[in-house]
Every structure is written in structure tokens, then in C-alpha cells.
Amino acid sequence: SLAVSIFKLTATNANQTKVSFAVEEGNVAFKIKDGVLMSADEKTVYGCNRAEVKGKSLTLAAETIMGYAFYSAEITSVELPNAVTIGDRAFYKIPTLTSVKIGDKCTTFGTYVFNGCNATMTFTIETETPPTIGMSTFGTATAFKGKIYVPTASVDAYKVAKNWKTYAKVIEAIPAAE
């Protein structure tokens, strides 16, 4: 059996929402680092202890962020330089999230990943080829008033890519470093 204790609370919408985790001593499959539950090799993030990550900026080396991992977690920013896959609603309903930076390896975003986050967030992705994204990744086009920064050579590709085109008006080239 896996030596992990997971405590759940029922959210107001009747979904089971991960709130707090404890990993038993001697566990070789999972660990908690800075309030984030992840695989021992740090390649997969499963969830977080909301109270421990509240108000923090996170940088995670993980390749996979599982669905609902940071649901309503009240973080302020996140950097995911190695992310390949980000699951459904991974950062759902985080109005405190103002900055997201994704590296150049990402291939897939689930649905509603950043829906319900700060409407004026700055989202930067370094991936040249537009990753596959689910519907309403950033919420509705009218509700999302932030900026989506992509590689200069890829701006046009993002603006016409499936589901990215919803946000074409706010897609711009990553600003040059000063």
C-alpha cells in the first residue's frame, strides 16, 4: 500500500477538494516540499496544502501538474519551466494569481486550467508550437483582460490555433529583456 495520508473536505459545490496532505515517514513514492505534494522525483505535482502555499510565489520543476492540484490555493505567481502537461482546473479559481510563466516544453493544457483566476494576469509561455489547450483555459474572452505572451516567431500561430484564437486580442510577443 502507498504510505500517504490524504485528508479531504467537501467543498460548497459538492466536489471533493484536496485541502491538506501528510506523507508518512519512510514513504519513497511521495513527498511534500514547500506545501506541495509531489512524486519523490518531483516530476509530478498532485496537490498542495492550501494554508502553506497561501500568498506564495512558486517555482516548480515538475513535468506534470495534475488536475485540481492548486484549486483555489491563493498563490500569487507560478513558474513551471519544465511543464509538459497541465491538467484540468489545475489552477482553477485563484483570484490572487497574477503571473504565470511556462517554459518551452509544454504540449498540453486541460480545460479551465486558469479559469476563475485574476482577470488581469500576465501569462508567459516559451513554447514555440502552441500547445493543445482545452476550452475556457483562461475563462471567457470577455472576462480575461490579461496578457498572453508567446515567442515572437509564434504570435501568429497562437492567434489562429484551436482554442488559443479565443484570446487572439491579448496574445503578444514576449517583451525583450532590458
# chains A, B, ... in the order shown; residues from 1 in each chain; ligands from 1
$ residues_around --residues "Arg50 in chain A" --least-positions-apart "2" --cutoff "9 Å" --atoms "only C-alpha atoms" --output "ChimeraX atom specification"
/A:18-20,35-36,47-48,52-54,70-75
$ atom_distance --atom1 "CA of Phe109 in chain A" --atom2 "CA of Ala177 in chain A"
26.6 Å
$ select_by_dssp --residues "range 1-145 of chain A" --states "helix (DSSP H, G or I)" --output "list of chain:residue names"
A:Arg50, A:Ala51, A:Glu52, A:Val53
$ write_last_selection --atoms "C-alpha atoms" --output "short mmCIF file (atom, residue, chain, number, x, y, z; two decimals), in the first residue's frame"
data_model
loop_
_atom_site.label_atom_id
_atom_site.label_comp_id
_atom_site.auth_asym_id
_atom_site.auth_seq_id
_atom_site.Cartn_x
_atom_site.Cartn_y
_atom_site.Cartn_z
CA ARG A 50 -3.53 25.45 0.84
CA ALA A 51 -2.58 27.11 4.10
CA GLU A 52 1.13 26.52 3.43
CA VAL A 53 1.13 27.97 -0.11
#
$ closest_residue --among "A:Ala173, A:Val113, A:Val23, A:Ala143" --to "Asp156 in chain A" --atoms "only C-alpha atoms"
A:Ala173
$ residues_around --residues "Lys101 in chain A" --least-positions-apart "6" --cutoff "9 Å" --atoms "only C-alpha atoms" --output "ChimeraX atom specification"
/A:77-81,122-126
$ write_last_selection --atoms "all heavy atoms" --output "PDB file, in the first residue's frame"
ATOM      1  N   SER A  77       1.933  33.765  -7.796  1.00  0.00           N
ATOM      2  CA  SER A  77       2.558  33.527  -9.095  1.00  0.00           C
ATOM      3  C   SER A  77       3.107  32.112  -9.136  1.00  0.00           C
ATOM      4  O   SER A  77       3.327  31.491  -8.093  1.00  0.00           O
ATOM      5  CB  SER A  77       3.675  34.543  -9.369  1.00  0.00           C
ATOM      6  OG  SER A  77       4.768  34.330  -8.507  1.00  0.00           O
ATOM      7  N   VAL A  78       3.322  31.628 -10.369  1.00  0.00           N
ATOM      8  CA  VAL A  78       3.879  30.288 -10.520  1.00  0.00           C
ATOM      9  C   VAL A  78       4.759  30.251 -11.759  1.00  0.00           C
ATOM     10  O   VAL A  78       4.427  30.831 -12.786  1.00  0.00           O
ATOM     11  CB  VAL A  78       2.769  29.203 -10.583  1.00  0.00           C
ATOM     12  CG1 VAL A  78       1.878  29.359 -11.792  1.00  0.00           C
ATOM     13  CG2 VAL A  78       3.358  27.807 -10.525  1.00  0.00           C
ATOM     14  N   GLU A  79       5.909  29.594 -11.628  1.00  0.00           N
ATOM     15  CA  GLU A  79       6.806  29.340 -12.751  1.00  0.00           C
ATOM     16  C   GLU A  79       6.945  27.838 -12.899  1.00  0.00           C
ATOM     17  O   GLU A  79       7.213  27.131 -11.924  1.00  0.00           O
ATOM     18  CB  GLU A  79       8.183  29.968 -12.518  1.00  0.00           C
ATOM     19  CG  GLU A  79       8.180  31.469 -12.659  1.00  0.00           C
ATOM     20  CD  GLU A  79       9.582  32.061 -12.678  1.00  0.00           C
ATOM     21  OE1 GLU A  79      10.497  31.413 -13.246  1.00  0.00           O
ATOM     22  OE2 GLU A  79       9.749  33.144 -12.120  1.00  0.00           O
ATOM     23  N   LEU A  80       6.753  27.368 -14.137  1.00  0.00           N
ATOM     24  CA  LEU A  80       6.816  25.938 -14.448  1.00  0.00           C
ATOM     25  C   LEU A  80       7.739  25.743 -15.646  1.00  0.00           C
ATOM     26  O   LEU A  80       7.283  25.506 -16.758  1.00  0.00           O
ATOM     27  CB  LEU A  80       5.408  25.413 -14.749  1.00  0.00           C
ATOM     28  CG  LEU A  80       4.362  25.616 -13.650  1.00  0.00           C
ATOM     29  CD1 LEU A  80       2.972  25.333 -14.165  1.00  0.00           C
ATOM     30  CD2 LEU A  80       4.688  24.746 -12.447  1.00  0.00           C
ATOM     31  N   PRO A  81       9.052  25.832 -15.441  1.00  0.00           N
ATOM     32  CA  PRO A  81       9.984  25.783 -16.566  1.00  0.00           C
ATOM     33  C   PRO A  81      10.036  24.451 -17.305  1.00  0.00           C
ATOM     34  O   PRO A  81      10.398  24.413 -18.480  1.00  0.00           O
ATOM     35  CB  PRO A  81      11.337  26.102 -15.919  1.00  0.00           C
ATOM     36  CG  PRO A  81      11.170  25.752 -14.483  1.00  0.00           C
ATOM     37  CD  PRO A  81       9.732  26.022 -14.160  1.00  0.00           C
ATOM     38  N   THR A 122      -0.782  38.094 -16.021  1.00  0.00           N
ATOM     39  CA  THR A 122       0.201  38.037 -17.097  1.00  0.00           C
ATOM     40  C   THR A 122       0.606  36.577 -17.254  1.00  0.00           C
ATOM     41  O   THR A 122       1.043  35.949 -16.294  1.00  0.00           O
ATOM     42  CB  THR A 122       1.445  38.887 -16.745  1.00  0.00           C
ATOM     43  OG1 THR A 122       1.025  40.230 -16.565  1.00  0.00           O
ATOM     44  CG2 THR A 122       2.479  38.807 -17.848  1.00  0.00           C
ATOM     45  N   PHE A 123       0.425  36.052 -18.447  1.00  0.00           N
ATOM     46  CA  PHE A 123       0.719  34.658 -18.741  1.00  0.00           C
ATOM     47  C   PHE A 123       1.796  34.622 -19.815  1.00  0.00           C
ATOM     48  O   PHE A 123       1.608  35.166 -20.901  1.00  0.00           O
ATOM     49  CB  PHE A 123      -0.545  33.948 -19.228  1.00  0.00           C
ATOM     50  CG  PHE A 123      -0.339  32.507 -19.580  1.00  0.00           C
ATOM     51  CD1 PHE A 123      -0.406  31.537 -18.607  1.00  0.00           C
ATOM     52  CD2 PHE A 123      -0.057  32.134 -20.887  1.00  0.00           C
ATOM     53  CE1 PHE A 123      -0.209  30.195 -18.930  1.00  0.00           C
ATOM     54  CE2 PHE A 123       0.143  30.800 -21.218  1.00  0.00           C
ATOM     55  CZ  PHE A 123       0.064  29.835 -20.234  1.00  0.00           C
ATOM     56  N   THR A 124       2.932  34.006 -19.515  1.00  0.00           N
ATOM     57  CA  THR A 124       4.028  33.899 -20.473  1.00  0.00           C
ATOM     58  C   THR A 124       4.312  32.432 -20.733  1.00  0.00           C
ATOM     59  O   THR A 124       4.445  31.645 -19.792  1.00  0.00           O
ATOM     60  CB  THR A 124       5.309  34.579 -19.922  1.00  0.00           C
ATOM     61  OG1 THR A 124       5.000  35.938 -19.603  1.00  0.00           O
ATOM     62  CG2 THR A 124       6.436  34.532 -20.938  1.00  0.00           C
ATOM     63  N   ILE A 125       4.390  32.071 -22.010  1.00  0.00           N
ATOM     64  CA  ILE A 125       4.722  30.697 -22.380  1.00  0.00           C
ATOM     65  C   ILE A 125       5.815  30.743 -23.443  1.00  0.00           C
ATOM     66  O   ILE A 125       5.719  31.484 -24.421  1.00  0.00           O
ATOM     67  CB  ILE A 125       3.482  29.906 -22.860  1.00  0.00           C
ATOM     68  CG1 ILE A 125       3.868  28.455 -23.148  1.00  0.00           C
ATOM     69  CG2 ILE A 125       2.788  30.581 -24.026  1.00  0.00           C
ATOM     70  CD1 ILE A 125       2.699  27.498 -23.248  1.00  0.00           C
ATOM     71  N   GLU A 126       6.864  29.973 -23.224  1.00  0.00           N
ATOM     72  CA  GLU A 126       8.022  29.986 -24.114  1.00  0.00           C
ATOM     73  C   GLU A 126       7.969  28.903 -25.195  1.00  0.00           C
ATOM     74  O   GLU A 126       8.867  28.819 -26.022  1.00  0.00           O
ATOM     75  CB  GLU A 126       9.297  29.863 -23.291  1.00  0.00           C
ATOM     76  CG  GLU A 126       9.478  31.042 -22.341  1.00  0.00           C
ATOM     77  CD  GLU A 126      10.620  30.864 -21.364  1.00  0.00           C
ATOM     78  OE1 GLU A 126      11.107  29.722 -21.175  1.00  0.00           O
ATOM     79  OE2 GLU A 126      11.041  31.884 -20.780  1.00  0.00           O
TER      80      GLU A 126
END
